[in-house]
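One file, structure15.pdb, is given below (PDB, C-alpha atoms).
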ATOM      1  CA  MET J   9     -13.655 -46.760  21.806
ATOM      2  CA  THR J  10     -12.539 -43.526  23.423
ATOM      3  CA  PRO J  11     -15.306 -40.932  23.348
ATOM      4  CA  ALA J  12     -14.681 -37.974  21.051
ATOM      5  CA  ALA J  13     -14.552 -34.412  22.266
ATOM      6  CA  ILE J  14     -17.027 -31.751  21.196
ATOM      7  CA  PHE J  15     -14.923 -28.669  20.532
ATOM      8  CA  ILE J  16     -16.327 -25.167  20.211
ATOM      9  CA  ALA J  17     -14.131 -22.352  18.918
ATOM     10  CA  LEU J  18     -15.286 -18.911  19.927
ATOM     11  CA  SER J  19     -14.354 -15.626  18.355
ATOM     12  CA  SER J  20     -15.503 -12.046  18.396
ATOM     13  CA  ILE J  21     -14.610  -9.002  16.350
ATOM     14  CA  SER J  22     -11.669  -7.114  17.797
ATOM     15  CA  LEU J  23     -12.770  -3.488  17.713
ATOM     16  CA  ALA J  24     -10.625  -2.008  20.477
ATOM     17  CA  ASN J  25     -13.437   0.564  20.762
ATOM     18  CA  THR J  26     -12.453   2.141  17.451
ATOM     19  CA  ASN J  27     -16.123   2.865  16.757
ATOM     20  CA  LYS J  28     -16.676   4.646  20.095
ATOM     21  CA  ALA J  29     -16.373   8.360  20.821
ATOM     22  CA  ILE J  30     -13.068   9.430  22.347
ATOM     23  CA  VAL J  31     -14.088  12.912  23.528
ATOM     24  CA  PRO J  32     -17.866  13.033  24.017
ATOM     25  CA  ASN J  33     -17.999  16.679  25.106
ATOM     26  CA  PHE J  34     -15.670  18.333  22.584
ATOM     27  CA  ILE J  35     -17.074  21.335  20.674
ATOM     28  CA  PHE J  36     -15.583  22.609  17.415
ATOM     29  CA  GLU J  37     -15.562  26.408  17.332
ATOM     30  CA  GLU J  38     -16.347  28.574  14.341
ATOM     31  CA  LYS J  39     -13.605  31.130  13.683
ATOM     32  CA  ASP J  40     -14.003  33.947  11.148
ATOM     33  CA  GLY J  41     -16.705  32.089   9.270
ATOM     34  CA  VAL J  42     -14.848  28.751   9.161
ATOM     35  CA  ILE J  43     -15.443  25.516  11.103
ATOM     36  CA  ALA J  44     -12.694  22.889  10.885
ATOM     37  CA  ILE J  45     -13.535  19.372  12.099
ATOM     38  CA  GLU J  46     -11.253  16.346  12.548
ATOM     39  CA  ALA J  47     -13.467  13.371  11.658
ATOM     40  CA  GLU J  48     -12.089  11.078  14.382
ATOM     41  CA  TYR J  49     -13.386  13.371  17.161
ATOM     42  CA  PHE J  50     -17.096  12.610  16.809
ATOM     43  CA  TYR J  51     -18.999  12.833  20.072
ATOM     44  CA  GLN J  52     -21.379   9.944  19.419
ATOM     45  CA  GLN J  53     -22.259   7.225  16.929
ATOM     46  CA  GLU J  54     -25.678   5.653  16.454
ATOM     47  CA  LYS J  55     -27.573   3.333  14.095
ATOM     48  CA  ASP J  56     -24.373   1.325  13.736
ATOM     49  CA  SER J  57     -25.530  -2.272  14.151
ATOM     50  CA  LEU J  58     -24.689  -3.312  10.551
ATOM     51  CA  ARG J  59     -22.028  -0.772   9.553
ATOM     52  CA  SER J  60     -20.136   1.736  11.675
ATOM     53  CA  TRP J  61     -17.412   4.346  11.346
ATOM     54  CA  HIS J  62     -14.084   3.180  12.793
ATOM     55  CA  ILE J  63     -11.099   5.274  13.798
ATOM     56  CA  THR J  64      -7.873   4.221  12.098
ATOM     57  CA  THR J  65      -4.339   5.377  12.978
ATOM     58  CA  MET J  66      -0.862   4.300  11.898
ATOM     59  CA  GLN J  67      -0.563   2.210  15.065
ATOM     60  CA  TYR J  68      -3.889   0.459  14.817
ATOM     61  CA  ALA J  69      -6.523  -0.496  12.260
ATOM     62  CA  PRO J  70      -9.736  -2.253  13.274
ATOM     63  CA  GLN J  71      -9.350  -6.041  13.274
ATOM     64  CA  GLY J  72     -11.889  -8.661  12.245
ATOM     65  CA  LEU J  73     -13.793  -6.350   9.891
ATOM     66  CA  LYS J  74     -13.571  -6.682   6.121
ATOM     67  CA  ASP J  75     -11.520  -3.792   4.750
ATOM     68  CA  ARG J  76     -10.639  -3.738   1.069
ATOM     69  CA  ASP J  77      -7.687  -1.360   1.060
ATOM     70  CA  ALA J  78      -4.565  -0.265   2.935
ATOM     71  CA  ASN J  79      -4.147   1.960   5.980
ATOM     72  CA  HIS J  80      -4.077   5.614   4.852
ATOM     73  CA  ALA J  81      -3.391   7.277   8.218
ATOM     74  CA  GLY J  82       0.140   8.323   7.253
ATOM     75  CA  ALA J  83      -1.123  11.173   5.082
ATOM     76  CA  ALA J  84      -4.226  11.951   7.134
ATOM     77  CA  SER J  85      -4.585  15.146   9.111
ATOM     78  CA  GLY J  86      -3.742  14.434  12.742
ATOM     79  CA  GLY J  87      -2.600  10.926  11.758
ATOM     80  CA  ALA J  88      -6.117   9.477  11.971
ATOM     81  CA  TYR J  89      -9.346   9.132  10.023
ATOM     82  CA  ILE J  90     -12.645   7.241  10.082
ATOM     83  CA  GLU J  91     -13.709   4.460   7.726
ATOM     84  CA  LEU J  92     -17.105   2.835   7.265
ATOM     85  CA  LEU J  93     -16.723  -0.906   7.918
ATOM     86  CA  PRO J  94     -17.147  -3.687   7.059
ATOM     87  CA  ASP J  95     -16.510  -2.886   3.403
ATOM     88  CA  THR J  96     -18.098  -5.660   1.344
ATOM     89  CA  LYS J  97     -18.883  -3.779  -1.866
ATOM     90  CA  ARG J  98     -15.969  -2.308  -3.787
ATOM     91  CA  ASP J  99     -16.717  -2.560  -7.490
ATOM     92  CA  ASP J 100     -19.631  -3.139  -9.833
ATOM     93  CA  ARG J 101     -18.932  -6.857 -10.112
ATOM     94  CA  GLU J 102     -19.952  -7.348  -6.486
ATOM     95  CA  THR J 103     -23.454  -7.454  -5.076
ATOM     96  CA  SER J 104     -25.097  -4.297  -3.754
ATOM     97  CA  THR J 105     -27.630  -4.656  -0.953
ATOM     98  CA  HIS J 106     -29.759  -1.744   0.148
ATOM     99  CA  GLY J 107     -29.628  -1.424   3.912
ATOM    100  CA  ALA J 108     -26.283  -3.240   4.059
ATOM    101  CA  THR J 109     -23.657  -2.190   1.503
ATOM    102  CA  TYR J 110     -25.440   1.081   0.757
ATOM    103  CA  THR J 111     -28.502   3.127   1.632
ATOM    104  CA  THR J 112     -30.368   5.878  -0.185
ATOM    105  CA  VAL J 113     -31.905   7.268   3.009
ATOM    106  CA  PRO J 114     -29.972  10.093   4.736
ATOM    107  CA  GLY J 115     -29.462   9.476   8.444
ATOM    108  CA  ASP J 116     -30.653   5.867   8.186
ATOM    109  CA  MET J 117     -27.379   4.056   8.976
ATOM    110  CA  ALA J 118     -24.065   4.694  10.786
ATOM    111  CA  VAL J 119     -24.476   8.274  11.993
ATOM    112  CA  VAL J 120     -21.562  10.152  13.607
ATOM    113  CA  SER J 121     -22.182  13.563  15.162
ATOM    114  CA  TYR J 122     -20.045  16.634  15.906
ATOM    115  CA  LYS J 123     -20.876  19.572  18.144
ATOM    116  CA  VAL J 124     -20.082  22.979  16.611
ATOM    117  CA  ARG J 125     -20.484  26.450  18.047
ATOM    118  CA  ILE J 126     -21.651  29.049  15.522
ATOM    119  CA  LYS J 127     -21.146  32.778  16.086
ATOM    120  CA  GLN J 128     -22.136  33.880  12.588
ATOM    121  CA  PRO J 129     -25.302  32.092  11.433
ATOM    122  CA  GLY J 130     -26.074  31.665   7.758
ATOM    123  CA  ARG J 131     -25.083  29.400   4.887
ATOM    124  CA  TYR J 132     -21.885  27.361   5.251
ATOM    125  CA  TYR J 133     -20.450  25.504   2.269
ATOM    126  CA  CYS J 134     -19.106  22.032   3.024
ATOM    127  CA  TRP J 135     -15.772  20.507   2.162
ATOM    128  CA  ILE J 136     -14.829  16.918   3.006
ATOM    129  CA  ARG J 137     -11.353  15.412   2.726
ATOM    130  CA  GLY J 138     -11.840  11.807   1.728
ATOM    131  CA  TYR J 139      -9.896   8.884   0.316
ATOM    132  CA  THR J 140     -11.347   6.635  -2.369
ATOM    133  CA  ASP J 141     -10.007   4.721  -5.338
ATOM    134  CA  GLN J 142     -11.298   4.954  -8.890
ATOM    135  CA  ARG J 143     -13.751   2.082  -8.640
ATOM    136  CA  GLY J 144     -16.566   4.447  -7.667
ATOM    137  CA  ASN J 145     -18.234   2.421  -4.896
ATOM    138  CA  ASP J 146     -16.814   3.969  -1.713
ATOM    139  CA  ASP J 147     -17.151   7.582  -2.769
ATOM    140  CA  SER J 148     -20.181   9.100  -1.061
ATOM    141  CA  CYS J 149     -21.831   9.811   2.272
ATOM    142  CA  PHE J 150     -24.678  11.937   3.625
ATOM    143  CA  LEU J 151     -24.420  15.204   5.552
ATOM    144  CA  GLY J 152     -27.022  16.391   8.024
ATOM    145  CA  LEU J 153     -27.697  19.102  10.589
ATOM    146  CA  ASN J 154     -29.352  18.818  13.998
ATOM    147  CA  GLY J 155     -30.974  15.484  13.189
ATOM    148  CA  ASP J 156     -33.256  17.017  10.565
ATOM    149  CA  TRP J 157     -32.343  14.699   7.715
ATOM    150  CA  LYS J 158     -35.498  15.324   5.697
ATOM    151  CA  ARG J 159     -34.671  18.985   5.377
ATOM    152  CA  THR J 160     -30.891  19.000   5.497
ATOM    153  CA  GLY J 161     -29.831  15.509   4.332
ATOM    154  CA  ILE J 162     -27.313  15.964   1.512
ATOM    155  CA  GLY J 163     -25.723  13.257  -0.597
ATOM    156  CA  PHE J 164     -22.018  14.113  -0.732
ATOM    157  CA  PHE J 165     -19.556  13.010  -3.424
ATOM    158  CA  LEU J 166     -15.939  12.091  -2.581
ATOM    159  CA  GLN J 167     -13.488  12.406  -5.475
ATOM    160  CA  ASN J 168     -11.908   9.225  -6.874
ATOM    161  CA  GLN J 169      -8.230  10.145  -6.772
ATOM    162  CA  ASN J 170      -6.466   7.291  -4.933
ATOM    163  CA  ARG J 171      -5.272   9.870  -2.411
ATOM    164  CA  TRP J 172      -6.675  12.212   0.206
ATOM    165  CA  THR J 173      -8.650  14.810  -1.765
ATOM    166  CA  TRP J 174     -10.949  17.697  -0.867
ATOM    167  CA  SER J 175     -14.486  17.629  -2.309
ATOM    168  CA  ALA J 176     -17.296  20.170  -2.118
ATOM    169  CA  THR J 177     -19.906  18.522  -4.309
ATOM    170  CA  LYS J 178     -23.374  17.286  -3.452
ATOM    171  CA  LEU J 179     -25.215  14.601  -5.394
ATOM    172  CA  SER J 180     -28.392  15.089  -7.393
ATOM    173  CA  LYS J 181     -31.223  13.075  -5.871
ATOM    174  CA  GLU J 182     -32.506  12.360  -9.360
ATOM    175  CA  THR J 183     -29.375  11.272 -11.209
ATOM    176  CA  LYS J 184     -27.016  10.440  -8.303
ATOM    177  CA  ARG J 185     -24.362  12.443 -10.159
ATOM    178  CA  GLN J 186     -22.371  15.512  -9.153
ATOM    179  CA  PHE J 187     -24.700  18.468  -8.741
ATOM    180  CA  GLY J 188     -23.068  21.638  -7.440
ATOM    181  CA  GLU J 189     -22.098  22.895  -3.990
ATOM    182  CA  ALA J 190     -23.012  21.197  -0.737
ATOM    183  CA  TYR J 191     -24.053  23.490   2.091
ATOM    184  CA  LEU J 192     -25.762  23.630   5.471
ATOM    185  CA  ASP J 193     -27.863  26.556   6.680
ATOM    186  CA  PHE J 194     -27.415  27.533  10.334
ATOM    187  CA  GLU J 195     -30.431  29.638  11.286
ATOM    188  CA  LYS J 196     -29.151  30.970  14.598
ATOM    189  CA  PRO J 197     -25.947  31.237  16.626
ATOM    190  CA  GLY J 198     -25.105  28.715  19.324
ATOM    191  CA  ILE J 199     -24.287  25.027  19.494
ATOM    192  CA  HIS J 200     -25.427  22.830  16.594
ATOM    193  CA  THR J 201     -24.869  19.213  15.575
ATOM    194  CA  VAL J 202     -23.218  18.451  12.224
ATOM    195  CA  GLN J 203     -23.682  14.831  11.181
ATOM    196  CA  ILE J 204     -22.336  12.316   8.671
ATOM    197  CA  SER J 205     -24.196   9.136   7.817
ATOM    198  CA  MET J 206     -23.577   6.161   5.586
ATOM    199  CA  ARG J 207     -24.359   6.102   1.898
ATOM    200  CA  GLU J 208     -21.783   3.501   0.762
ATOM    201  CA  ASP J 209     -19.662   1.213   2.917
ATOM    202  CA  GLY J 210     -15.903   1.645   2.700
ATOM    203  CA  ALA J 211     -16.010   5.457   2.655
ATOM    204  CA  GLU J 212     -13.003   7.093   4.370
ATOM    205  CA  ILE J 213     -13.151  10.600   5.851
ATOM    206  CA  ASP J 214     -10.258  12.591   7.291
ATOM    207  CA  CYS J 215     -11.753  15.983   8.065
ATOM    208  CA  LEU J 216     -14.498  18.470   7.255
ATOM    209  CA  MET J 217     -14.533  22.215   6.686
ATOM    210  CA  LEU J 218     -17.584  24.444   6.700
ATOM    211  CA  THR J 219     -16.987  27.922   5.347
ATOM    212  CA  ARG J 220     -19.047  30.999   4.486
ATOM    213  CA  LYS J 221     -17.014  31.378   1.308
ATOM    214  CA  LYS J 222     -18.536  29.750  -1.768
ATOM    215  CA  PRO J 223     -16.196  27.045  -3.105
ATOM    216  CA  ILE J 224     -14.151  27.655  -6.232
ATOM    217  CA  PRO J 225     -13.768  24.541  -8.432
ATOM    218  CA  ASN J 226     -10.372  22.864  -8.106
ATOM    219  CA  GLU J 227      -9.305  25.310  -5.374
ATOM    220  CA  PRO J 228      -9.720  23.490  -2.052
ATOM    221  CA  PRO J 229      -9.371  25.501   1.144
ATOM    222  CA  THR J 230      -6.399  25.503   3.461
ATOM    223  CA  PHE J 231      -7.424  23.359   6.384
ATOM    224  CA  GLN J 232      -7.168  25.275   9.624
ATOM    225  CA  LYS J 233      -5.273  23.420  12.298
ATOM    226  CA  ILE J 234      -7.644  22.568  15.099
ATOM    227  CA  ALA J 235      -6.715  23.382  18.669
ATOM    228  CA  VAL J 236      -7.385  19.866  19.954
ATOM    229  CA  PRO J 237      -6.023  19.523  23.495
ATOM    230  CA  ASP J 238      -2.980  17.276  23.846
ATOM    231  CA  SER J 239      -4.929  15.154  26.306
ATOM    232  CA  PHE J 240      -7.388  14.271  23.538
ATOM    233  CA  ARG J 241      -4.606  13.294  21.167
ATOM    234  CA  ASP J 242      -3.080  11.196  23.938
ATOM    235  CA  MET J 243      -6.408   9.416  24.388
ATOM    236  CA  LEU J 244      -6.491   8.673  20.663
ATOM    237  CA  LYS J 245      -2.938   7.313  20.791
ATOM    238  CA  THR J 246      -3.728   5.163  23.817
ATOM    239  CA  ARG J 247      -6.915   3.918  22.198
ATOM    240  CA  SER J 248      -5.093   3.030  19.020
ATOM    241  CA  LEU J 249      -2.518   0.891  20.811
ATOM    242  CA  GLU J 250      -4.979  -1.277  22.681
ATOM    243  CA  LYS J 251      -4.195  -4.946  22.283
ATOM    244  CA  SER J 252      -6.618  -7.809  22.078
ATOM    245  CA  ALA J 253      -6.331 -10.367  24.836
ATOM    246  CA  SER J 254      -4.546 -13.592  23.914
ATOM    247  CA  TYR J 255      -6.332 -16.713  22.753
ATOM    248  CA  ILE J 256      -7.652 -18.601  25.771
ATOM    249  CA  SER J 257      -8.390 -22.303  25.747
ATOM    250  CA  VAL J 258     -10.572 -23.856  28.443
ATOM    251  CA  PRO J 259      -9.754 -27.531  29.151
ATOM    252  CA  LYS J 260     -12.455 -30.022  28.292
ATOM    253  CA  VAL J 261     -14.521 -31.782  30.936
ATOM    254  CA  LYS J 262     -16.484 -35.001  30.885
ATOM    255  CA  ILE J 263     -20.262 -34.955  31.216
ATOM    256  CA  ASP J 264     -22.639 -37.772  32.043
ATOM    257  CA  PRO J 265     -24.891 -39.038  29.246
ATOM    258  CA  HIS J 266     -28.267 -37.432  29.497
ATOM    259  CA  THR J 267     -31.078 -36.065  27.418
ATOM    260  CA  ILE J 268     -32.045 -38.428  24.607
ATOM    261  CA  GLU J 269     -34.885 -37.327  22.365
ATOM    262  CA  SER J 270     -37.557 -39.701  21.049
ATOM    263  CA  ASP J 271     -35.821 -39.782  17.663
ATOM    264  CA  GLY J 272     -32.559 -40.919  19.284
ATOM    265  CA  SER J 273     -30.795 -37.572  19.062
ATOM    266  CA  ARG J 274     -28.582 -36.385  21.903
ATOM    267  CA  ILE J 275     -28.484 -32.850  23.265
ATOM    268  CA  ILE J 276     -25.499 -31.061  24.728
ATOM    269  CA  SER J 277     -26.385 -27.631  26.055
ATOM    270  CA  ALA J 278     -24.305 -24.534  26.697
ATOM    271  CA  GLN J 279     -24.482 -25.253  30.432
ATOM    272  CA  ASP J 280     -22.493 -28.473  29.916
ATOM    273  CA  PHE J 281     -19.345 -26.663  28.775
ATOM    274  CA  PRO J 282     -16.780 -25.670  31.426
ATOM    275  CA  LYS J 283     -16.934 -22.091  32.560
ATOM    276  CA  GLY J 284     -13.806 -20.057  31.953
ATOM    277  CA  GLN J 285     -12.552 -16.524  31.671
ATOM    278  CA  CYS J 286     -12.756 -16.580  27.879
ATOM    279  CA  TYR J 287     -16.527 -16.644  27.788
ATOM    280  CA  THR J 288     -19.610 -16.155  29.861
ATOM    281  CA  LEU J 289     -22.926 -17.950  29.877
ATOM    282  CA  LYS J 290     -25.293 -15.319  28.550
ATOM    283  CA  ASP J 291     -28.636 -15.398  30.361
ATOM    284  CA  SER J 292     -27.826 -19.039  31.257
ATOM    285  CA  LEU J 293     -28.684 -19.962  27.674
ATOM    286  CA  TYR J 294     -25.768 -19.595  25.282
ATOM    287  CA  LEU J 295     -22.018 -19.143  25.085
ATOM    288  CA  GLY J 296     -20.521 -15.719  24.453
ATOM    289  CA  LEU J 297     -17.029 -14.259  24.675
ATOM    290  CA  ASP J 298     -16.256 -11.574  27.183
ATOM    291  CA  PRO J 299     -14.482  -8.929  25.034
ATOM    292  CA  LYS J 300     -12.791  -7.523  28.130
ATOM    293  CA  GLU J 301     -10.934 -10.800  28.502
ATOM    294  CA  THR J 302     -10.269 -11.966  24.960
ATOM    295  CA  THR J 303     -11.464 -11.954  21.368
ATOM    296  CA  LYS J 304     -10.745 -15.620  20.616
ATOM    297  CA  GLY J 305     -10.983 -18.773  22.650
ATOM    298  CA  ASP J 306     -12.256 -22.330  22.779
ATOM    299  CA  THR J 307     -13.927 -24.736  25.123
ATOM    300  CA  SER J 308     -14.878 -28.413  24.874
ATOM    301  CA  VAL J 309     -16.692 -31.332  26.495
ATOM    302  CA  GLU J 310     -16.097 -35.042  26.116
ATOM    303  CA  PHE J 311     -18.807 -36.645  23.984
ATOM    304  CA  PRO J 312     -20.180 -39.469  26.164
ATOM    305  CA  TYR J 313     -22.491 -41.145  23.668
ATOM    306  CA  PRO J 314     -21.964 -44.286  21.529
ATOM    307  CA  SER J 315     -19.526 -44.046  18.657
ATOM    308  CA  ARG J 316     -21.298 -43.805  15.310
ATOM    309  CA  GLY J 317     -22.027 -41.190  12.664
ATOM    310  CA  TYR J 318     -23.905 -38.114  13.890
ATOM    311  CA  PHE J 319     -25.375 -35.134  12.128
ATOM    312  CA  ILE J 320     -24.565 -31.998  14.151
ATOM    313  CA  GLU J 321     -27.024 -29.132  14.494
ATOM    314  CA  PHE J 322     -26.371 -25.885  16.351
ATOM    315  CA  SER J 323     -29.270 -23.931  17.745
TER     316      SER J 323
END
Please lay out the structure from this file as structure tokens.
Amino acid sequence: MTPAAIFIALSSISLANTNKAIVPNFIFEEKDGVIAIEAEYFYQQEKDSLRSWHITTMQYAPQGLKDRDANHAGAASGGAYIELLPDTKRDDRETSTHGATYTTVPGDMAVVSYKVRIKQPGRYYCWIRGYTDQRGNDDSCFLGLNGDWKRTGIGFFLQNQNRWTWSATKLSKETKRQFGEAYLDFEKPGIHTVQISMREDGAEIDCLMLTRKKPIPNEPPTFQKIAVPDSFRDMLKTRSLEKSASYISVPKVKIDPHTIESDGSRIISAQDFPKGQCYTLKDSLYLGLDPKETTKGDTSVEFPYPSRGYFIEFS
């Protein structure tokens, strides 16, 4: 009987670097007591192993990550926004997991940071333009300042309007409900770091405004157009159009029968599979795709052992 082939399909998440900073050194300038920030121009992201903020444009949305709604870049300022993915919790019928679908700890997960230069120190009230539906599970985040989350960590509420909407409301730590104005206190002039971190996955943020003027209910501010250099916008456009490499298949090879355990089991190791451009042998131990080459691929070896029923175990 012709030996069967052991086939391994490999895949990796196609991110196209949408969770990486585009302009690491950009500083947003305060002007006349107002700081306007485009969310997609964060200078770094950290604590993003389980969830991370991803840049989305009309040309490109992150692939391979669970996203529960449509692309909303068409009505976003600058044609781009950030979304916290994967989004696995959308309504109350689905399971919530602390440390995965949500967190109650400011600055604990998925932190993006923005450099701002303050000329007039003092209290700045915070506005965020977000997009969330009326299910109430993607409608909050945390705000922080200079990494001091214990003192400045604020739970922020995003309005459930099924459209891009300005909000200026912090959450009560006791009731988790709306609880007045959100603000950050800048104690001195100079460069500071404004930060957003995860509270619920699926949150979408377009831009932020910090203003010395106390917010008036139902009267959102006029967002000041930010003087982002054309070169930065070009980088965003180029980033958004990146394509994943095509699926690569590595032809199978035949191996000689070898290692037989005392219980009769056979072992085929990662080293037995043919080497190809679609994957690398990580630390000479296991197979892994090279994301610079492709995001999907396969490889195979001819199974040289007797034909019979086998239980297959991957380790």
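Take the candidates J:Lys196, J:Arg76, J:Lys222, J:Lys28 and check each one against Lys127 in chain J using only C-alpha atoms; the shortest distance goes to J:Lys196.
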Convert the output of the PyMOL selection byres ((chain J and resi 128-137) around 7) on the shown file into explicit residues, formatted as an mmCIF file with C-alpha atoms, in the frame of the given file.
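Done, and the output landed in selection_13.cif:
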data_model
loop_
_atom_site.group_PDB
_atom_site.id
_atom_site.type_symbol
_atom_site.label_atom_id
_atom_site.label_comp_id
_atom_site.auth_asym_id
_atom_site.auth_seq_id
_atom_site.Cartn_x
_atom_site.Cartn_y
_atom_site.Cartn_z
ATOM 1 C CA GLY J 41 -16.705 32.089 9.270
ATOM 2 C CA ILE J 126 -21.651 29.049 15.522
ATOM 3 C CA LYS J 127 -21.146 32.778 16.086
ATOM 4 C CA GLY J 138 -11.840 11.807 1.728
ATOM 5 C CA TRP J 172 -6.675 12.212 0.206
ATOM 6 C CA THR J 173 -8.650 14.810 -1.765
ATOM 7 C CA TRP J 174 -10.949 17.697 -0.867
ATOM 8 C CA SER J 175 -14.486 17.629 -2.309
ATOM 9 C CA ALA J 176 -17.296 20.170 -2.118
ATOM 10 C CA GLU J 189 -22.098 22.895 -3.990
ATOM 11 C CA ALA J 190 -23.012 21.197 -0.737
ATOM 12 C CA TYR J 191 -24.053 23.490 2.091
ATOM 13 C CA LEU J 192 -25.762 23.630 5.471
ATOM 14 C CA ASP J 193 -27.863 26.556 6.680
ATOM 15 C CA PHE J 194 -27.415 27.533 10.334
ATOM 16 C CA GLU J 195 -30.431 29.638 11.286
ATOM 17 C CA LYS J 196 -29.151 30.970 14.598
ATOM 18 C CA PRO J 197 -25.947 31.237 16.626
ATOM 19 C CA ILE J 213 -13.151 10.600 5.851
ATOM 20 C CA ASP J 214 -10.258 12.591 7.291
ATOM 21 C CA CYS J 215 -11.753 15.983 8.065
ATOM 22 C CA LEU J 216 -14.498 18.470 7.255
ATOM 23 C CA MET J 217 -14.533 22.215 6.686
ATOM 24 C CA LEU J 218 -17.584 24.444 6.700
ATOM 25 C CA THR J 219 -16.987 27.922 5.347
ATOM 26 C CA ARG J 220 -19.047 30.999 4.486
ATOM 27 C CA LYS J 221 -17.014 31.378 1.308
ATOM 28 C CA LYS J 222 -18.536 29.750 -1.768
#
Report as a CSV table (one decimal) with C-alpha atoms, keeping the file's coordinate frame the full result of the PyMOL selection byres ((chain J and resi 117-123) around 7) when it is applied to this structure.
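Final output, saved to selection00.csv:
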chain,number,residue,atom,x,y,z
J,34,PHE,CA,-15.7,18.3,22.6
J,35,ILE,CA,-17.1,21.3,20.7
J,36,PHE,CA,-15.6,22.6,17.4
J,50,PHE,CA,-17.1,12.6,16.8
J,51,TYR,CA,-19.0,12.8,20.1
J,52,GLN,CA,-21.4,9.9,19.4
J,53,GLN,CA,-22.3,7.2,16.9
J,54,GLU,CA,-25.7,5.7,16.5
J,55,LYS,CA,-27.6,3.3,14.1
J,56,ASP,CA,-24.4,1.3,13.7
J,59,ARG,CA,-22.0,-0.8,9.6
J,60,SER,CA,-20.1,1.7,11.7
J,61,TRP,CA,-17.4,4.3,11.3
J,115,GLY,CA,-29.5,9.5,8.4
J,116,ASP,CA,-30.7,5.9,8.2
J,124,VAL,CA,-20.1,23.0,16.6
J,125,ARG,CA,-20.5,26.4,18.0
J,199,ILE,CA,-24.3,25.0,19.5
J,200,HIS,CA,-25.4,22.8,16.6
J,201,THR,CA,-24.9,19.2,15.6
J,202,VAL,CA,-23.2,18.5,12.2
J,203,GLN,CA,-23.7,14.8,11.2
J,204,ILE,CA,-22.3,12.3,8.7
J,205,SER,CA,-24.2,9.1,7.8
J,206,MET,CA,-23.6,6.2,5.6
Atom pair CA of Val113 in chain J + CA of Gly210 in chain J, distance 17.0 Å
request  = Starting from the displayed file, determine the output of the PyMOL selection byres ((chain J and resi 91) around 8) and express the residue list as a PyMOL selection string.
outcome  = chain J and resi 61-64+89-90+92-93+210-213
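The nearest approach to Ala78 in chain J among the residues J:Ile30, J:Asp280, J:Ala108, J:Tyr139, with only C-alpha atoms taken into account, belongs to J:Tyr139.
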Can you tell me which residues surround Asp147 in chain J at a distance of at most 6 Å, considering only C-alpha atoms, apart from same-chain residues fewer than 6 positions away, and format the answer as an mmCIF file with C-alpha atoms, keeping the file's coordinate frame?
data_model
loop_
_atom_site.group_PDB
_atom_site.id
_atom_site.type_symbol
_atom_site.label_atom_id
_atom_site.label_comp_id
_atom_site.auth_asym_id
_atom_site.auth_seq_id
_atom_site.Cartn_x
_atom_site.Cartn_y
_atom_site.Cartn_z
ATOM 1 C CA THR J 140 -11.347 6.635 -2.369
ATOM 2 C CA PHE J 165 -19.556 13.010 -3.424
ATOM 3 C CA LEU J 166 -15.939 12.091 -2.581
ATOM 4 C CA ALA J 211 -16.010 5.457 2.655
#
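Considering the residues J:Glu46, J:Asp141, J:Asp209, J:Glu38 and counting all atoms listed in the file, Asp75 in chain J has its shortest atom-to-atom contact with J:Asp209.
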Enclose range 131-138 of chain J, meaning all of its atoms listed in the file, in a box aligned along x, y and z, pad it by 3 Å on each side, and list the centre and edge lengths in Å to one decimal, as lines of an AutoDock Vina configuration file.
center_x = -18.2
center_y = 20.6
center_z = 3.5
size_x = 19.7
size_y = 23.6
size_z = 9.5
#### Entry: Straight-line distance linking CA of Asp146 in chain J with CA of Ser57 in chain J, stated in Å to one decimal
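Computed distance, CA of Asp146 in chain J to CA of Ser57 in chain J, equals 19.1 Å.
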In terms of the shortest atom-to-atom distance over all atoms listed in the file, which of J:Ser308, J:Asn33, J:Thr112, J:Asn170 is closest to His80 in chain J?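 Under the stated criterion, the closest residue is J:Asn170.
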